[in-house]
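Undergrad: Data: coords17.txt, compact mmCIF, C-alpha atoms.
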# COMPACT_ATOMS: atom_id res chain seq x y z
CA MET A 24 277.57 99.67 -36.60
CA LYS A 25 274.22 98.16 -37.55
CA ALA A 26 271.23 99.52 -35.65
CA LEU A 27 267.62 98.48 -35.11
CA THR A 28 264.81 100.85 -34.21
CA ILE A 29 262.32 99.44 -31.71
CA TRP A 30 259.17 101.08 -30.37
CA GLN A 31 258.89 101.78 -26.68
CA PRO A 32 258.06 100.19 -24.32
CA TRP A 33 259.97 97.32 -25.97
CA ALA A 34 263.40 98.99 -26.32
CA SER A 35 263.95 99.77 -22.63
CA PRO A 36 263.57 96.16 -21.40
CA ILE A 37 266.33 95.19 -23.86
CA ALA A 38 268.57 98.00 -22.61
CA ILE A 39 268.28 96.85 -18.98
CA GLY A 40 268.74 93.16 -19.86
CA ALA A 41 265.14 92.12 -19.07
CA LYS A 42 264.47 91.10 -22.68
CA GLY A 43 267.02 89.01 -24.57
CA TYR A 44 264.99 88.37 -27.74
CA GLU A 45 263.50 90.92 -30.09
CA THR A 46 260.71 89.40 -32.15
CA ARG A 47 260.36 90.53 -35.74
CA GLY A 48 258.34 89.59 -38.81
CA TRP A 49 261.55 89.15 -40.81
CA ALA A 50 264.87 87.38 -40.48
CA THR A 51 268.38 88.63 -41.16
CA LYS A 52 271.62 86.87 -41.96
CA TYR A 53 273.52 89.62 -40.12
CA ARG A 54 275.31 88.63 -36.90
CA GLY A 55 277.45 90.97 -34.87
CA PRO A 56 277.35 94.26 -33.00
CA ILE A 57 274.03 96.09 -33.05
CA ALA A 58 272.76 99.33 -31.56
CA ILE A 59 269.25 99.36 -30.10
CA HIS A 60 267.42 102.59 -30.96
CA ALA A 61 264.17 103.62 -29.25
CA ALA A 62 261.75 105.03 -31.82
CA LYS A 63 260.52 108.58 -31.39
CA ARG A 64 256.89 107.43 -31.44
CA PRO A 65 254.92 108.16 -28.23
CA TYR A 66 254.30 104.96 -26.27
CA MET A 67 251.76 105.60 -23.50
CA GLY A 68 248.83 105.07 -25.89
CA ILE A 69 250.35 101.71 -26.88
CA PHE A 70 250.97 100.76 -23.25
CA LYS A 71 247.28 101.07 -22.36
CA THR A 72 246.33 98.54 -25.08
CA LEU A 73 248.77 95.81 -23.95
CA PRO A 74 247.63 92.61 -22.23
CA ALA A 75 247.41 92.85 -18.42
CA GLU A 76 250.39 90.49 -17.90
CA THR A 77 252.59 92.59 -20.18
CA GLN A 78 251.55 95.77 -18.37
CA ARG A 79 252.30 94.12 -15.01
CA ILE A 80 255.81 93.09 -16.12
CA LEU A 81 256.57 96.53 -17.55
CA ARG A 82 255.33 98.24 -14.38
CA GLY A 83 257.64 95.94 -12.41
CA LEU A 84 260.57 97.08 -14.54
CA PHE A 85 259.76 100.80 -14.79
CA ASP A 86 257.79 103.37 -12.82
CA LEU A 87 255.80 104.50 -15.84
CA GLU A 88 253.85 107.07 -13.81
CA ARG A 89 257.08 108.91 -12.86
CA GLU A 90 259.63 107.70 -15.37
CA THR A 91 259.75 108.70 -19.02
CA LEU A 92 261.27 106.07 -21.26
CA PRO A 93 263.77 107.47 -23.78
CA THR A 94 262.59 107.94 -27.35
CA GLY A 95 264.41 109.02 -30.49
CA ALA A 96 267.75 107.76 -29.17
CA VAL A 97 270.17 104.84 -29.16
CA MET A 98 269.92 103.25 -25.71
CA CYS A 99 272.33 100.33 -25.76
CA THR A 100 274.55 98.12 -27.84
CA ALA A 101 274.42 94.35 -28.03
CA GLU A 102 275.62 91.38 -30.04
CA LEU A 103 273.08 89.81 -32.40
CA VAL A 104 274.12 86.17 -32.02
CA ASN A 105 271.28 84.26 -33.68
CA VAL A 106 267.89 84.53 -35.33
CA TRP A 107 265.36 81.82 -34.50
CA HIS A 108 262.25 80.85 -36.47
CA ILE A 109 259.23 80.76 -34.16
CA VAL A 110 257.20 77.54 -34.36
CA TYR A 111 254.52 75.86 -32.26
CA ASN A 112 255.91 72.36 -32.48
CA PRO A 113 259.66 72.33 -31.80
CA GLY A 114 260.53 69.33 -33.90
CA THR A 115 259.39 65.75 -34.36
CA ASP A 116 260.13 64.58 -30.83
CA VAL A 117 256.57 64.27 -29.50
CA ASP A 118 257.72 63.90 -25.88
CA VAL A 119 259.45 67.28 -26.13
CA ALA A 120 256.80 68.95 -28.29
CA LYS A 121 253.86 68.11 -26.01
CA ASN A 122 255.55 70.00 -23.17
CA ILE A 123 256.52 73.09 -25.18
CA PRO A 124 253.56 75.20 -26.37
CA ILE A 125 255.78 77.82 -28.00
CA GLY A 126 259.32 77.39 -29.23
CA ALA A 127 261.70 78.58 -31.87
CA GLU A 128 264.02 76.58 -34.09
CA SER A 129 267.40 77.38 -35.54
CA LEU A 130 267.41 78.70 -39.09
CA SER A 131 270.69 76.91 -39.79
CA ILE A 132 270.51 74.52 -42.74
CA ASP A 133 274.16 73.53 -42.39
CA LYS A 134 274.10 70.07 -40.76
CA HIS A 135 277.56 70.75 -39.33
CA ALA A 136 276.64 74.08 -37.70
CA PRO A 137 276.69 73.99 -33.89
CA ASP A 138 273.06 75.14 -33.69
CA PHE A 139 271.66 72.77 -36.36
CA HIS A 140 268.31 71.44 -35.11
CA ASP A 141 268.58 73.45 -31.86
CA TYR A 142 265.47 74.90 -30.25
CA ILE A 143 264.81 77.58 -27.70
CA VAL A 144 261.82 77.88 -25.42
CA PRO A 145 261.09 81.44 -24.31
CA THR A 146 260.37 82.28 -20.70
CA ALA A 147 256.97 83.64 -19.69
CA GLN A 148 258.52 87.11 -19.46
CA GLU A 149 259.98 86.86 -22.98
CA ILE A 150 256.58 85.74 -24.29
CA ALA A 151 254.88 88.71 -22.58
CA LEU A 152 257.47 91.16 -23.96
CA GLY A 153 257.39 89.98 -27.58
CA ASP A 154 255.18 88.68 -30.38
CA TRP A 155 255.89 84.97 -30.50
CA THR A 156 253.35 84.24 -33.23
CA PRO A 157 254.47 81.22 -35.30
CA GLY A 158 256.16 82.27 -38.51
CA ARG A 159 257.89 85.27 -36.91
CA TYR A 160 261.55 85.44 -35.81
CA ALA A 161 263.28 85.87 -32.46
CA TRP A 162 266.52 87.84 -32.66
CA GLU A 163 268.80 86.67 -29.85
CA LEU A 164 270.78 89.47 -28.20
CA LYS A 165 273.77 88.92 -25.90
CA ASN A 166 276.38 91.16 -24.26
CA ILE A 167 273.89 94.00 -23.87
CA THR A 168 275.58 97.21 -22.71
CA ILE A 169 273.39 100.14 -21.70
CA LEU A 170 274.79 103.53 -22.64
CA PRO A 171 275.43 106.01 -19.80
CA GLU A 172 273.05 108.41 -21.57
CA PRO A 173 270.81 107.76 -24.57
CA ILE A 174 272.31 109.24 -27.74
CA PRO A 175 269.77 111.12 -29.88
CA ALA A 176 269.48 109.68 -33.38
CA LYS A 177 266.95 109.48 -36.16
CA GLY A 178 265.83 105.89 -36.58
CA GLN A 179 264.91 103.99 -39.70
CA GLN A 180 263.03 100.87 -40.68
CA GLY A 181 264.99 97.64 -41.07
CA LEU A 182 268.65 97.37 -40.17
CA TRP A 183 270.45 100.65 -40.68
CA ASN A 184 273.94 102.01 -40.16
CA TRP A 185 274.66 104.13 -37.08
CA GLU A 186 277.95 105.90 -36.57
CA PRO A 187 278.53 105.84 -32.80
CA PRO A 188 280.61 108.47 -31.07
CA GLY A 189 284.14 107.14 -30.44
CA GLU A 190 283.64 106.74 -26.68
CA VAL A 191 280.73 104.28 -27.21
CA LEU A 192 283.03 101.68 -28.74
CA ALA A 193 285.89 102.28 -26.31
Could you express the structure from this file as structure tokens?
TA:
Amino acid sequence: MKALTIWQPWASPIAIGAKGYETRGWATKYRGPIAIHAAKRPYMGIFKTLPAETQRILRGLFDLERETLPTGAVMCTAELVNVWHIVYNPGTDVDVAKNIPIGAESLSIDKHAPDFHDYIVPTAQEIALGDWTPGRYAWELKNITILPEPIPAKGQQGLWNWEPPGEVLA
């Protein structure tokens, strides 16, 4: 199974279904099952540097004074269903564009693909929990399934292969 390592406190919101898009500086053609791995890197130093709105949302999701977010472990599995290119202006329709300050467009170049010329507009929570800078990519995750217990694993950069225990796929 493909896996993606994500720093905390960004991995846990995915695992609990509070974040459906992971923003990255690179795209992938891969679609399918994916394991979400929380990096081993300590996160409390990062948390203190986040914008106030992001801190507020994360505190609403987790009791960070009492709760330790998992690190160095696979937390959940999901389905990577699409990768969107983040843009400011979602197309040439000015009436739509003037009401959407941030959006993302489909990367599909196949005019017959169901998502050709589709756009997404992230919610305020998604914007606060990701880096929606134009030129980046939003990886759309569906069918997120949190694991009963995080499974320790050594992460890697980029997409990597993770061999899940048999009961994870059952």
Undergrad: So how many Å separate CA of Ile80 in chain A and CA of Leu103 in chain A, to one decimal?
TA: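 Taking CA of Ile80 in chain A as the start and CA of Leu103 in chain A as the end point, the length is 24.0 Å.
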Undergrad: Give one line per residue of range 159-181 of chain A that approaches range 52-60 of chain A to at most 9 Å, naming the two atoms of the closest pair and their distance in Å to one decimal, counting all atoms listed in the file; sort by chain then ascending residue number and deliver it as a Markdown table.
TA:
| residue | atom | partner | partner_atom | distance |
| --- | --- | --- | --- | --- |
| A:Leu164 | CA | A:Ile57 | CA | 8.8 |
| A:Pro173 | CA | A:His60 | CA | 8.9 |
| A:Ile174 | CA | A:His60 | CA | 8.9 |
| A:Pro175 | CA | A:His60 | CA | 8.9 |
| A:Ala176 | CA | A:His60 | CA | 7.8 |
| A:Lys177 | CA | A:His60 | CA | 8.6 |
| A:Gly178 | CA | A:His60 | CA | 6.7 |
Undergrad: Excluding range 85-99 of chain A and any residue of its chain fewer than 6 positions from it, enumerate the residues within 12 Å of it, using all atoms listed in the file, and give them as a VMD selection string.
TA: chain A and resid 24 to 41 56 to 67 70 to 71 78 to 79 164 to 179 184 to 188 191 to 192
Undergrad: Can you measure CA of Glu163 in chain A to CA of Gly48 in chain A for me? One decimal in Å is fine.
TA: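 CA of Glu163 in chain A sits 14.1 Å away from CA of Gly48 in chain A.
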Undergrad: Excluding Asp154 in chain A and any residue of its chain fewer than 6 positions from it, enumerate the residues within 9 Å of it, using all atoms listed in the file, and give them as a compact mmCIF listing (two decimals) with C-alpha atoms, in the coordinates of the input.
TA:
# COMPACT_ATOMS: atom_id res chain seq x y z
CA GLU A 45 263.50 90.92 -30.09
CA THR A 46 260.71 89.40 -32.15
CA ARG A 47 260.36 90.53 -35.74
CA TYR A 160 261.55 85.44 -35.81
CA ALA A 161 263.28 85.87 -32.46
Undergrad: Between CA of Pro157 in chain A and CA of Tyr142 in chain A, what is the distance, to one decimal in Å?
TA: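 Separation between CA of Pro157 in chain A and CA of Tyr142 in chain A: 13.7 Å.
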Undergrad: Which of these residues is nearest to Leu81 in chain A, using all atoms listed in the file: A:Gln148, A:Thr51, A:Thr156, A:Gln180?
TA: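 Once distances to Leu81 in chain A are computed over all atoms listed in the file, the minimum belongs to A:Gln148.
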Undergrad: Could you check which of A:Trp183, A:Arg159, A:Lys42, A:Val104 is closest to Leu84 in chain A, using all atoms listed in the file?
TA: A:Lys42
Undergrad: My list of candidates is A:Gly189, A:Gly181, A:Gly68, A:Pro145. Which is closest to Trp49 in chain A when distances are computed with only C-alpha atoms?
TA: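 For Trp49 in chain A, the nearest of the candidates is A:Gly181.
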